[in-house]
file my_file_25.tsv (TSV, C-alpha atoms)
chain	number	residue	atom	x	y	z
A	18	MET	CA	0.00	0.00	0.00
A	19	GLN	CA	1.52	3.31	-1.12
A	20	LEU	CA	0.82	6.81	0.13
A	21	GLN	CA	0.17	7.92	-3.44
A	22	GLN	CA	-2.52	5.26	-3.77
A	23	LEU	CA	-4.18	6.46	-0.57
A	24	ALA	CA	-4.06	10.06	-1.78
A	25	TYR	CA	-5.70	9.05	-5.08
A	26	PHE	CA	-8.34	7.04	-3.21
A	27	VAL	CA	-9.20	9.97	-0.90
A	28	ALA	CA	-9.47	12.36	-3.87
A	29	VAL	CA	-11.89	10.10	-5.74
A	30	ALA	CA	-13.88	9.46	-2.55
A	31	GLU	CA	-14.31	13.20	-1.95
A	32	VAL	CA	-15.37	14.24	-5.48
A	33	ARG	CA	-16.97	10.88	-6.48
A	34	HIS	CA	-15.54	11.24	-9.98
A	35	PHE	CA	-12.34	9.74	-11.41
A	36	THR	CA	-11.73	12.39	-14.08
A	37	GLN	CA	-12.32	15.32	-11.71
A	38	ALA	CA	-10.05	13.73	-9.10
A	39	ALA	CA	-7.31	13.31	-11.69
A	40	GLU	CA	-7.65	16.97	-12.69
A	41	LEU	CA	-7.41	18.10	-9.06
A	42	LEU	CA	-4.28	16.00	-8.54
A	43	ARG	CA	-2.84	16.99	-11.95
A	44	VAL	CA	-2.31	13.39	-13.04
A	45	ALA	CA	-3.55	11.43	-16.02
A	46	GLN	CA	-6.90	9.75	-15.40
A	47	PRO	CA	-5.69	6.31	-16.62
A	48	SER	CA	-2.75	6.51	-14.18
A	49	LEU	CA	-5.08	7.35	-11.30
A	50	SER	CA	-7.47	4.51	-12.19
A	51	LYS	CA	-4.53	2.07	-12.41
A	52	GLN	CA	-3.33	3.02	-8.92
A	53	ILE	CA	-6.84	2.63	-7.48
A	54	ARG	CA	-7.13	-0.83	-9.05
A	55	ALA	CA	-3.70	-1.75	-7.63
A	56	LEU	CA	-4.84	-0.66	-4.16
A	57	GLU	CA	-8.03	-2.69	-4.48
A	58	GLY	CA	-5.98	-5.68	-5.63
A	59	GLU	CA	-3.62	-5.41	-2.68
A	60	LEU	CA	-6.52	-5.18	-0.21
A	61	ASN	CA	-8.51	-7.78	-2.16
A	62	VAL	CA	-11.68	-5.67	-1.96
A	63	SER	CA	-13.60	-3.23	-4.13
A	64	LEU	CA	-13.45	0.31	-2.77
A	65	PHE	CA	-15.89	1.90	-5.23
A	66	SER	CA	-19.06	0.75	-6.90
A	67	ARG	CA	-19.24	2.04	-10.45
A	68	ALA	CA	-22.79	1.17	-11.44
A	69	ARG	CA	-24.23	3.19	-14.35
A	70	GLY	CA	-21.47	5.76	-14.18
A	71	ASN	CA	-22.22	6.69	-10.57
A	72	ILE	CA	-19.28	6.45	-8.19
A	73	ALA	CA	-20.06	5.40	-4.62
A	74	LEU	CA	-18.00	4.00	-1.77
A	75	THR	CA	-18.46	0.35	-0.92
A	76	PRO	CA	-18.57	-0.62	2.78
A	77	ALA	CA	-14.84	-1.38	2.53
A	78	GLY	CA	-14.26	2.05	1.03
A	79	GLU	CA	-16.29	3.69	3.81
A	80	ALA	CA	-14.12	1.92	6.39
A	81	LEU	CA	-10.85	2.88	4.69
A	82	LEU	CA	-11.63	6.57	4.08
A	83	PRO	CA	-11.18	7.96	7.65
A	84	LEU	CA	-8.08	5.77	8.14
A	85	ALA	CA	-6.56	6.96	4.87
A	86	LYS	CA	-7.22	10.59	5.76
A	87	ARG	CA	-5.56	10.13	9.14
A	88	ILE	CA	-2.51	8.40	7.62
A	89	LEU	CA	-2.03	11.19	5.08
A	90	ALA	CA	-2.48	13.87	7.77
A	91	ASP	CA	0.06	12.15	10.03
A	92	VAL	CA	2.58	11.89	7.18
A	93	GLU	CA	2.18	15.61	6.50
A	94	THR	CA	2.66	16.32	10.21
A	95	ALA	CA	5.84	14.25	10.19
A	96	ARG	CA	7.12	16.17	7.18
A	97	VAL	CA	6.46	19.50	8.88
A	98	GLU	CA	8.03	18.28	12.12
A	99	VAL	CA	11.27	17.33	10.35
A	100	GLN	CA	11.37	20.74	8.68
A	101	GLU	CA	11.01	22.41	12.06
A	102	LEU	CA	14.34	21.00	13.23
A	103	ALA	CA	15.83	24.11	11.64
A	104	GLY	CA	14.87	25.90	14.88
A	105	LEU	CA	11.24	26.94	14.37
A	106	ARG	CA	12.15	29.04	11.37
A	107	ARG	CA	9.61	27.06	9.36
A	108	GLY	CA	6.59	24.98	10.20
A	109	ARG	CA	2.86	25.09	10.58
A	110	VAL	CA	0.21	25.16	13.30
A	111	ARG	CA	-3.35	24.11	12.44
A	112	LEU	CA	-5.51	25.52	15.20
A	113	GLY	CA	-9.22	25.09	15.76
A	114	ALA	CA	-11.19	27.53	17.89
A	115	THR	CA	-14.78	28.33	18.74
A	116	PRO	CA	-16.22	31.53	17.23
A	117	SER	CA	-16.40	33.26	20.62
A	118	LEU	CA	-12.64	32.87	21.05
A	119	CYS	CA	-11.89	33.89	17.48
A	120	ALA	CA	-13.90	37.05	18.09
A	121	GLY	CA	-12.28	37.58	21.50
A	122	LEU	CA	-8.78	37.10	22.85
A	123	LEU	CA	-7.38	34.66	20.27
A	124	ALA	CA	-6.27	37.44	17.93
A	125	ASP	CA	-3.91	38.82	20.58
A	126	VAL	CA	-2.39	35.37	21.15
A	127	LEU	CA	-1.92	34.85	17.41
A	128	ARG	CA	-0.22	38.25	17.09
A	129	ARG	CA	2.20	37.44	19.92
A	130	PHE	CA	3.03	34.04	18.41
A	131	HIS	CA	3.52	35.49	14.92
A	132	ASP	CA	5.87	38.16	16.26
A	133	ALA	CA	7.96	35.49	18.01
A	134	TYR	CA	7.89	32.94	15.16
A	135	PRO	CA	7.24	34.81	11.89
A	136	GLY	CA	8.22	31.79	9.77
A	137	ILE	CA	5.50	29.54	11.20
A	138	GLN	CA	2.35	29.31	9.11
A	139	LEU	CA	-0.85	29.74	11.14
A	140	ILE	CA	-4.02	28.06	9.89
A	141	VAL	CA	-7.14	28.78	11.97
A	142	GLU	CA	-10.31	26.70	11.60
A	143	GLU	CA	-13.39	28.26	13.20
A	144	GLY	CA	-16.22	25.98	14.26
A	145	GLY	CA	-18.35	24.51	16.99
A	146	SER	CA	-16.62	22.50	19.68
A	147	ARG	CA	-18.00	19.14	18.54
A	148	ASP	CA	-16.94	19.81	14.96
A	149	LEU	CA	-13.43	20.68	16.14
A	150	VAL	CA	-13.17	17.48	18.19
A	151	ARG	CA	-13.99	15.46	15.08
A	152	GLN	CA	-11.37	17.32	13.06
A	153	LEU	CA	-8.77	16.73	15.77
A	154	THR	CA	-9.41	12.99	15.88
A	155	ARG	CA	-9.15	12.81	12.07
A	156	GLY	CA	-5.75	14.49	12.18
A	157	GLU	CA	-6.92	17.64	10.41
A	158	LEU	CA	-5.86	19.93	13.29
A	159	ASP	CA	-2.84	20.04	15.59
A	160	LEU	CA	-4.56	21.85	18.47
A	161	ALA	CA	-8.08	22.99	19.21
A	162	LEU	CA	-9.80	25.09	21.84
A	163	VAL	CA	-12.80	22.97	22.81
A	164	ILE	CA	-15.54	22.95	25.43
A	165	LEU	CA	-15.40	20.51	28.35
A	166	PRO	CA	-16.66	17.96	29.04
A	167	LEU	CA	-16.04	16.19	25.74
A	168	HIS	CA	-18.73	13.90	24.38
A	169	GLY	CA	-18.09	10.29	23.47
A	170	ASP	CA	-14.66	9.97	25.11
A	171	PRO	CA	-12.53	10.87	22.07
A	172	PRO	CA	-8.79	10.00	22.22
A	173	LEU	CA	-7.66	13.50	23.16
A	174	ASP	CA	-5.50	15.09	25.84
A	175	THR	CA	-7.07	18.26	27.26
A	176	THR	CA	-5.65	21.09	29.36
A	177	PRO	CA	-8.29	23.44	30.90
A	178	ILE	CA	-7.22	27.03	30.30
A	179	LEU	CA	-10.30	29.29	30.60
A	180	ARG	CA	-13.66	29.55	32.32
A	181	GLU	CA	-16.27	31.87	30.81
A	182	TYR	CA	-19.75	32.84	31.96
A	183	LEU	CA	-22.78	32.62	29.72
A	184	VAL	CA	-25.15	35.56	29.35
A	185	VAL	CA	-28.45	36.24	27.66
A	186	ALA	CA	-27.86	38.61	24.75
A	187	SER	CA	-30.75	40.93	23.96
A	188	PRO	CA	-31.13	44.18	22.00
A	189	ALA	CA	-29.98	47.25	23.88
A	190	GLU	CA	-33.15	48.97	22.70
A	191	GLN	CA	-36.45	47.07	23.01
A	192	ALA	CA	-38.81	49.59	21.40
A	193	GLY	CA	-42.03	47.95	20.29
A	194	ARG	CA	-41.16	44.62	21.92
A	195	THR	CA	-41.72	43.08	25.32
A	196	PRO	CA	-38.39	43.64	27.04
A	197	LEU	CA	-36.55	41.15	29.17
A	198	PRO	CA	-36.77	41.83	32.89
A	199	ARG	CA	-34.07	44.33	33.86
A	200	ARG	CA	-32.46	42.43	36.69
A	201	SER	CA	-28.89	41.72	37.66
A	202	PHE	CA	-29.38	38.17	36.41
A	203	LEU	CA	-31.89	35.97	34.63
A	204	ARG	CA	-33.07	32.43	35.39
A	205	ILE	CA	-33.42	29.68	32.83
A	206	ASP	CA	-37.20	29.91	33.31
A	207	ASP	CA	-37.07	33.52	32.06
A	208	LEU	CA	-36.37	32.04	28.61
A	209	ARG	CA	-39.70	30.22	28.58
A	210	ASP	CA	-41.88	31.37	25.65
A	211	ARG	CA	-39.17	33.80	24.53
A	212	PRO	CA	-38.11	33.52	20.88
A	213	LEU	CA	-34.52	32.28	20.76
A	214	VAL	CA	-31.93	32.77	18.06
A	215	MET	CA	-30.23	29.39	17.93
A	216	PHE	CA	-26.85	28.25	16.60
A	217	ARG	CA	-26.54	25.52	14.00
A	218	PRO	CA	-25.98	21.90	15.06
A	219	GLY	CA	-22.36	21.25	16.08
A	220	TYR	CA	-22.21	24.21	18.47
A	221	ASP	CA	-21.84	23.31	22.12
A	222	LEU	CA	-23.88	26.44	22.96
A	223	ARG	CA	-26.85	24.99	21.11
A	224	GLU	CA	-26.82	21.78	23.11
A	225	ALA	CA	-26.18	23.61	26.40
A	226	THR	CA	-29.10	25.99	25.88
A	227	ILE	CA	-31.56	23.31	24.77
A	228	GLY	CA	-30.49	21.02	27.61
A	229	ALA	CA	-30.88	23.73	30.26
A	230	CYS	CA	-34.37	24.62	29.01
A	231	ARG	CA	-35.50	21.00	28.99
A	232	ALA	CA	-34.08	20.46	32.47
A	233	ALA	CA	-36.23	23.42	33.60
A	234	GLY	CA	-39.31	21.71	32.18
A	235	PHE	CA	-39.95	23.43	28.87
A	236	GLU	CA	-39.07	23.17	25.20
A	237	PRO	CA	-37.27	26.26	23.82
A	238	ARG	CA	-38.99	28.22	21.08
A	239	PHE	CA	-36.80	29.18	18.10
A	240	ALA	CA	-37.32	32.37	16.12
A	241	VAL	CA	-34.48	31.44	13.76
A	242	GLU	CA	-31.81	28.77	13.91
A	243	GLY	CA	-28.77	27.59	12.02
A	244	GLY	CA	-26.50	30.60	12.35
A	245	GLU	CA	-22.81	31.12	13.07
A	246	MET	CA	-21.75	33.44	15.91
A	247	ASP	CA	-21.70	36.72	13.95
A	248	ALA	CA	-25.05	35.96	12.36
A	249	VAL	CA	-26.64	35.04	15.71
A	250	LEU	CA	-25.49	38.30	17.30
A	251	ARG	CA	-26.74	40.34	14.36
A	252	PHE	CA	-30.12	38.59	14.45
A	253	VAL	CA	-30.42	39.47	18.13
A	254	GLU	CA	-29.45	43.11	17.45
A	255	VAL	CA	-32.31	43.54	14.99
A	256	GLY	CA	-34.79	42.02	17.43
A	257	LEU	CA	-35.46	38.56	16.03
A	258	GLY	CA	-34.97	37.03	19.47
A	259	ILE	CA	-32.53	36.53	22.32
A	260	ALA	CA	-29.57	34.15	22.54
A	261	VAL	CA	-27.37	32.50	25.15
A	262	VAL	CA	-23.75	33.42	24.37
A	263	PRO	CA	-20.37	33.74	26.11
A	264	SER	CA	-19.99	37.16	27.69
A	265	MET	CA	-16.77	37.95	25.80
A	266	VAL	CA	-18.48	38.17	22.41
A	267	LEU	CA	-20.51	41.24	23.43
A	268	ALA	CA	-17.42	43.45	23.76
A	269	GLY	CA	-17.61	46.26	21.20
A	270	ARG	CA	-21.29	45.65	20.40
A	271	PRO	CA	-23.23	48.63	21.80
A	272	GLY	CA	-26.42	47.33	20.16
A	273	LEU	CA	-26.51	44.41	22.57
A	274	ARG	CA	-26.68	43.97	26.33
A	275	GLY	CA	-25.79	40.85	28.24
A	276	THR	CA	-27.51	39.63	31.37
A	277	PRO	CA	-25.90	36.83	33.42
A	278	LEU	CA	-27.80	33.57	33.33
A	279	VAL	CA	-28.04	31.48	36.49
A	280	LEU	CA	-29.53	28.15	37.45
A	281	ASP	CA	-32.86	28.42	39.26
A	282	GLU	CA	-31.39	27.12	42.53
A	283	ALA	CA	-28.66	29.77	42.45
A	284	ALA	CA	-31.25	32.42	41.63
A	285	ARG	CA	-33.34	31.51	44.67
A	286	ARG	CA	-30.29	31.99	46.87
A	287	GLY	CA	-29.24	35.14	45.04
A	288	HIS	CA	-25.81	33.70	44.22
A	289	LEU	CA	-24.75	35.26	40.95
A	290	GLY	CA	-21.39	33.50	41.28
A	291	GLU	CA	-23.17	30.21	40.56
A	292	GLY	CA	-24.19	31.28	37.08
A	293	LEU	CA	-23.98	29.12	33.99
A	294	LEU	CA	-20.43	28.82	32.78
A	295	ARG	CA	-18.32	26.63	30.57
A	296	THR	CA	-14.71	25.50	30.62
A	297	ILE	CA	-12.44	25.82	27.60
A	298	ALA	CA	-9.52	23.45	27.13
A	299	LEU	CA	-6.62	23.19	24.71
A	300	ALA	CA	-6.79	19.72	23.17
A	301	HIS	CA	-4.65	17.50	20.96
A	302	ARG	CA	-4.57	13.85	19.98
A	303	LYS	CA	-3.14	11.44	22.53
A	304	ASP	CA	-1.46	9.24	19.95
A	305	VAL	CA	0.43	12.01	18.15
A	306	GLU	CA	3.28	13.99	19.70
A	307	LEU	CA	2.83	17.73	19.34
A	308	THR	CA	5.10	19.31	16.76
A	309	HIS	CA	7.65	21.86	17.97
A	310	ALA	CA	5.54	24.65	16.45
A	311	ALA	CA	2.32	23.44	18.11
A	312	ARG	CA	4.04	23.14	21.49
A	313	ALA	CA	5.46	26.65	21.07
A	314	PHE	CA	1.93	27.92	20.39
A	315	GLN	CA	0.61	26.20	23.51
A	316	ASP	CA	3.37	27.78	25.59
A	317	THR	CA	2.63	31.19	24.05
A	318	MET	CA	-1.08	30.93	24.85
A	319	GLU	CA	-0.50	29.81	28.44
A	320	THR	CA	2.02	32.61	29.06
A	321	PHE	CA	-0.42	35.15	27.58
A	322	LEU	CA	-3.24	33.95	29.85
A	323	VAL	CA	-1.07	34.07	32.97
A	324	GLU	CA	0.02	37.64	32.20
A	325	ALA	CA	-3.51	38.77	31.26
A	326	GLY	CA	-4.90	37.23	34.46
A	327	LEU	CA	-2.34	39.01	36.61
A	328	ALA	CA	-2.94	42.31	34.79
A	329	GLY	CA	-6.73	42.01	34.99
A	330	SER	CA	-7.01	42.48	31.23
A	331	LEU	CA	-9.09	39.42	30.33
A	332	PRO	CA	-12.52	40.12	28.83
A	333	GLU	CA	-15.41	40.52	31.26
A	334	GLY	CA	-16.80	37.21	32.43
A	335	VAL	CA	-13.61	35.29	31.62
A	336	GLU	CA	-11.26	33.71	34.16
A	337	THR	CA	-7.94	32.02	33.44
A	338	LEU	CA	-7.29	28.52	34.74
A	339	VAL	CA	-3.58	28.73	33.88
A	340	HIS	CA	-1.30	29.79	36.70
A	341	ASP	CA	2.41	30.48	36.77
call {"tool": "encode", "arguments": {"input": "my_file_25.tsv", "output": "structure tokens"}}
result
Amino acid sequence: MQLQQLAYFVAVAEVRHFTQAAELLRVAQPSLSKQIRALEGELNVSLFSRARGNIALTPAGEALLPLAKRILADVETARVEVQELAGLRRGRVRLGATPSLCAGLLADVLRRFHDAYPGIQLIVEEGGSRDLVRQLTRGELDLALVILPLHGDPPLDTTPILREYLVVASPAEQAGRTPLPRRSFLRIDDLRDRPLVMFRPGYDLREATIGACRAAGFEPRFAVEGGEMDAVLRFVEVGLGIAVVPSMVLAGRPGLRGTPLVLDEAARRGHLGEGLLRTIALAHRKDVELTHAARAFQDTMETFLVEAGLAGSLPEGVETLVHD
């Protein structure tokens, strides 16, 4: 089994067309088909069904695809790691992060890292925590900032680095609409019968909000759903509904106000400090050693958080879990 054969197999599996795959790889279509047949012969299985000109993966092909992707990703990581032996003058970090972090403090960390290691290529993938976990396990990312606890016990090492409080985002001006109660905090039950702007599936915030509402005994009502972070905040600004978001994303948005959200038991006791929060961790695969560049990024982020915590410069509602 050759790496080239796996690369050809993955290309055909993704586009479901031999000629298009050959064009993407800049190889002759007969050569690509020959390599696929050789791979099938070595494995003694058919990887594609070719009935009536339609290309589909067989069960064997479905089983091989995620393994082939991981092998190719690991080979690329090994290549980058060897290049980095020149002293971090070259290399690459593939980082995944949730939209709230991309819109918040991550830019400052990226700037510090780039200043220290200008030759390292930074690739940032923005997405929901569950999507990022899947990309990590497939070898498509080196590091990712994900929400704890993880679901399904994926093979990842996690280091908690931040705790952030969740707030209810609502329009700063409520003209013509029934406003939210102006209190120092809101209970989950205050969301009952309120139209919610909801994130697309794959966002941990979506599952957390729906789960909290159901635990309080009601089904949330959606005004609109399926958005990314920027879209959700804009929909709230124009009055389509309210949304549960991390407090840090409201910085620099005068059209929105955020009200801390607490569990009903905490509300009855008046303990705002027991509000809804989530923990963010830096994660990587257990079975793959971090590259020099990825480890340098982790060190840069942890140093930044320690200094920001000591200086009191973290965004409102955010606490560092990294200590010197």
call {"tool": "atom_distance", "arguments": {"input": "my_file_25.tsv", "atom1": "CA of Asp170 in chain A", "atom2": "CA of Glu224 in chain A"}}
result
17.1 Å
call {"tool": "atom_distance", "arguments": {"input": "my_file_25.tsv", "atom1": "CA of Met215 in chain A", "atom2": "CA of Leu127 in chain A"}}
result
28.8 Å
call {"tool": "residues_around", "arguments": {"input": "my_file_25.tsv", "residues": "Arg87 in chain A", "least_positions_apart": "3", "cutoff": "9 Å", "atoms": "all atoms listed in the file", "output": "ChimeraX atom specification"}}
result
/A:82-84,90-92,154-157
call {"tool": "closest_residue", "arguments": {"input": "my_file_25.tsv", "among": "A:Tyr182, A:Phe65, A:Phe26, A:Tyr134", "to": "Leu293 in chain A", "atoms": "all atoms listed in the file"}}
result
A:Tyr182
call {"tool": "closest_residue", "arguments": {"input": "my_file_25.tsv", "among": "A:Pro76, A:Pro237, A:Gly329, A:Pro177", "to": "Ala225 in chain A", "atoms": "all atoms listed in the file"}}
result
A:Pro237
call {"tool": "closest_residue", "arguments": {"input": "my_file_25.tsv", "among": "A:Glu190, A:Gly243, A:Arg129, A:Glu93", "to": "Phe216 in chain A", "atoms": "all atoms listed in the file"}}
result
A:Gly243
call {"tool": "residues_around", "arguments": {"input": "my_file_25.tsv", "residues": "Phe202 in chain A", "least_positions_apart": "5", "cutoff": "6 Å", "atoms": "only C-alpha atoms", "output": "PyMOL selection string"}}
result
chain A and resi 276-278
call {"tool": "write_last_selection", "arguments": {"input": "my_file_25.tsv", "atoms": "C-alpha atoms", "output": "PDB file, in the frame of the given file"}}
result
ATOM      1  CA  THR A 276     -27.510  39.630  31.370  1.00  0.00           C
ATOM      2  CA  PRO A 277     -25.900  36.830  33.420  1.00  0.00           C
ATOM      3  CA  LEU A 278     -27.800  33.570  33.330  1.00  0.00           C
TER       4      LEU A 278
END
call {"tool": "atom_distance", "arguments": {"input": "my_file_25.tsv", "atom1": "CA of Lys303 in chain A", "atom2": "CA of Asp125 in chain A"}}
result
27.5 Å
call {"tool": "closest_residue", "arguments": {"input": "my_file_25.tsv", "among": "A:Leu158, A:Leu327, A:Ala232, A:Met265", "to": "Thr308 in chain A", "atoms": "all atoms listed in the file"}}
result
A:Leu158
call {"tool": "closest_residue", "arguments": {"input": "my_file_25.tsv", "among": "A:Leu307, A:Ala85, A:Leu167, A:Ala68", "to": "Ala28 in chain A", "atoms": "all atoms listed in the file"}}
result
A:Ala85
call {"tool": "residues_around", "arguments": {"input": "my_file_25.tsv", "residues": "Ile205 in chain A", "least_positions_apart": "3", "cutoff": "9 Å", "atoms": "all atoms listed in the file", "output": "JSON, numbers by chain"}}
result
{"A": [208, 209, 226, 229, 230, 233, 278, 279, 280, 281]}
call {"tool": "residues_around", "arguments": {"input": "my_file_25.tsv", "residues": "Val29 in chain A", "least_positions_apart": "4", "cutoff": "10 Å", "atoms": "only C-alpha atoms", "output": "list in words"}}
result
Leu23, Ala24, Tyr25, Arg33, His34, Phe35, Thr36, Gln37, Ala38, Ala39, Leu41, Leu49, Ser50, Ile53, Phe65, Ile72, Ala73 and Leu74 of chain A
call {"tool": "write_last_selection", "arguments": {"input": "my_file_25.tsv", "atoms": "C-alpha atoms", "output": "PDB file, keeping the file's coordinate frame"}}
result
ATOM      1  CA  LEU A  23      -4.180   6.460  -0.570  1.00  0.00           C
ATOM      2  CA  ALA A  24      -4.060  10.060  -1.780  1.00  0.00           C
ATOM      3  CA  TYR A  25      -5.700   9.050  -5.080  1.00  0.00           C
ATOM      4  CA  ARG A  33     -16.970  10.880  -6.480  1.00  0.00           C
ATOM      5  CA  HIS A  34     -15.540  11.240  -9.980  1.00  0.00           C
ATOM      6  CA  PHE A  35     -12.340   9.740 -11.410  1.00  0.00           C
ATOM      7  CA  THR A  36     -11.730  12.390 -14.080  1.00  0.00           C
ATOM      8  CA  GLN A  37     -12.320  15.320 -11.710  1.00  0.00           C
ATOM      9  CA  ALA A  38     -10.050  13.730  -9.100  1.00  0.00           C
ATOM     10  CA  ALA A  39      -7.310  13.310 -11.690  1.00  0.00           C
ATOM     11  CA  LEU A  41      -7.410  18.100  -9.060  1.00  0.00           C
ATOM     12  CA  LEU A  49      -5.080   7.350 -11.300  1.00  0.00           C
ATOM     13  CA  SER A  50      -7.470   4.510 -12.190  1.00  0.00           C
ATOM     14  CA  ILE A  53      -6.840   2.630  -7.480  1.00  0.00           C
ATOM     15  CA  PHE A  65     -15.890   1.900  -5.230  1.00  0.00           C
ATOM     16  CA  ILE A  72     -19.280   6.450  -8.190  1.00  0.00           C
ATOM     17  CA  ALA A  73     -20.060   5.400  -4.620  1.00  0.00           C
ATOM     18  CA  LEU A  74     -18.000   4.000  -1.770  1.00  0.00           C
TER      19      LEU A  74
END
call {"tool": "residues_near_point", "arguments": {"input": "my_file_25.tsv", "point": "(-15.9, 22.6, 19.4)", "cutoff": "10 Å", "atoms": "only C-alpha atoms", "output": "VMD selection string"}}
result
chain A and resid 113 to 116 143 to 153 161 to 165 167 219 to 222 297
call {"tool": "axis_aligned_box", "arguments": {"input": "my_file_25.tsv", "around": "range 236-255 of chain A", "padding_each_side": "3 Å", "output": "JSON"}}
result
{"center_x": -30.4, "center_y": 33.4, "center_z": 18.6, "size_x": 23.4, "size_y": 26.4, "size_z": 19.2}
call {"tool": "closest_residue", "arguments": {"input": "my_file_25.tsv", "among": "A:Gly136, A:Gly234, A:Pro172, A:Pro332", "to": "Leu123 in chain A", "atoms": "all atoms listed in the file"}}
result
A:Pro332
call {"tool": "residues_near_point", "arguments": {"input": "my_file_25.tsv", "point": "(1.6, 25.8, 17.6)", "cutoff": "10 Å", "atoms": "only C-alpha atoms", "output": "compact mmCIF listing (two decimals) with C-alpha atoms, in the coordinates of the input"}}
result
# COMPACT_ATOMS: atom_id res chain seq x y z
CA GLY A 108 6.59 24.98 10.20
CA ARG A 109 2.86 25.09 10.58
CA VAL A 110 0.21 25.16 13.30
CA ARG A 111 -3.35 24.11 12.44
CA LEU A 112 -5.51 25.52 15.20
CA LEU A 127 -1.92 34.85 17.41
CA PHE A 130 3.03 34.04 18.41
CA TYR A 134 7.89 32.94 15.16
CA ILE A 137 5.50 29.54 11.20
CA GLN A 138 2.35 29.31 9.11
CA LEU A 139 -0.85 29.74 11.14
CA ILE A 140 -4.02 28.06 9.89
CA ASP A 159 -2.84 20.04 15.59
CA LEU A 160 -4.56 21.85 18.47
CA LEU A 307 2.83 17.73 19.34
CA THR A 308 5.10 19.31 16.76
CA HIS A 309 7.65 21.86 17.97
CA ALA A 310 5.54 24.65 16.45
CA ALA A 311 2.32 23.44 18.11
CA ARG A 312 4.04 23.14 21.49
CA ALA A 313 5.46 26.65 21.07
CA PHE A 314 1.93 27.92 20.39
CA GLN A 315 0.61 26.20 23.51
CA ASP A 316 3.37 27.78 25.59
CA THR A 317 2.63 31.19 24.05
CA MET A 318 -1.08 30.93 24.85
call {"tool": "residues_around", "arguments": {"input": "my_file_25.tsv", "residues": "Leu250 in chain A", "least_positions_apart": "3", "cutoff": "8 Å", "atoms": "only C-alpha atoms", "output": "NGL selection string"}}
result
:A and (186 or 246-247 or 253-254 or 260)
call {"tool": "build_atoms", "arguments": {"input": "my_file_25.tsv", "residues": "range 149-153 of chain A", "atoms": "all heavy atoms", "output": "compact mmCIF listing (two decimals), in the coordinates of the input"}}
result
# COMPACT_ATOMS: atom_id res chain seq x y z
N LEU A 149 -14.88 20.62 15.97
CA LEU A 149 -13.43 20.68 16.14
C LEU A 149 -12.88 19.38 16.71
O LEU A 149 -11.79 18.95 16.33
CB LEU A 149 -13.07 21.86 17.05
CG LEU A 149 -13.45 23.24 16.52
CD1 LEU A 149 -13.11 24.32 17.56
CD2 LEU A 149 -12.75 23.56 15.20
N VAL A 150 -13.61 18.76 17.63
CA VAL A 150 -13.17 17.48 18.19
C VAL A 150 -13.07 16.44 17.08
O VAL A 150 -12.10 15.66 17.02
CB VAL A 150 -14.14 17.02 19.29
CG1 VAL A 150 -13.90 15.56 19.65
CG2 VAL A 150 -13.98 17.89 20.52
N ARG A 151 -14.05 16.41 16.19
CA ARG A 151 -13.99 15.46 15.08
C ARG A 151 -12.80 15.72 14.18
O ARG A 151 -12.12 14.78 13.73
CB ARG A 151 -15.30 15.52 14.26
CG ARG A 151 -16.47 14.81 14.95
CD ARG A 151 -17.64 14.67 13.99
NE ARG A 151 -18.29 15.96 13.74
CZ ARG A 151 -19.30 16.42 14.45
NH1 ARG A 151 -19.76 15.73 15.48
NH2 ARG A 151 -19.84 17.59 14.17
N GLN A 152 -12.51 16.99 13.91
CA GLN A 152 -11.37 17.32 13.06
C GLN A 152 -10.05 16.94 13.73
O GLN A 152 -9.12 16.49 13.07
CB GLN A 152 -11.39 18.81 12.73
CG GLN A 152 -12.51 19.20 11.76
CD GLN A 152 -12.53 20.69 11.50
OE1 GLN A 152 -13.09 21.47 12.27
NE2 GLN A 152 -11.93 21.10 10.41
N LEU A 153 -9.97 17.13 15.04
CA LEU A 153 -8.77 16.73 15.77
C LEU A 153 -8.54 15.22 15.66
O LEU A 153 -7.42 14.77 15.37
CB LEU A 153 -8.90 17.10 17.25
CG LEU A 153 -8.31 18.40 17.76
CD1 LEU A 153 -8.53 18.50 19.25
CD2 LEU A 153 -6.83 18.53 17.44
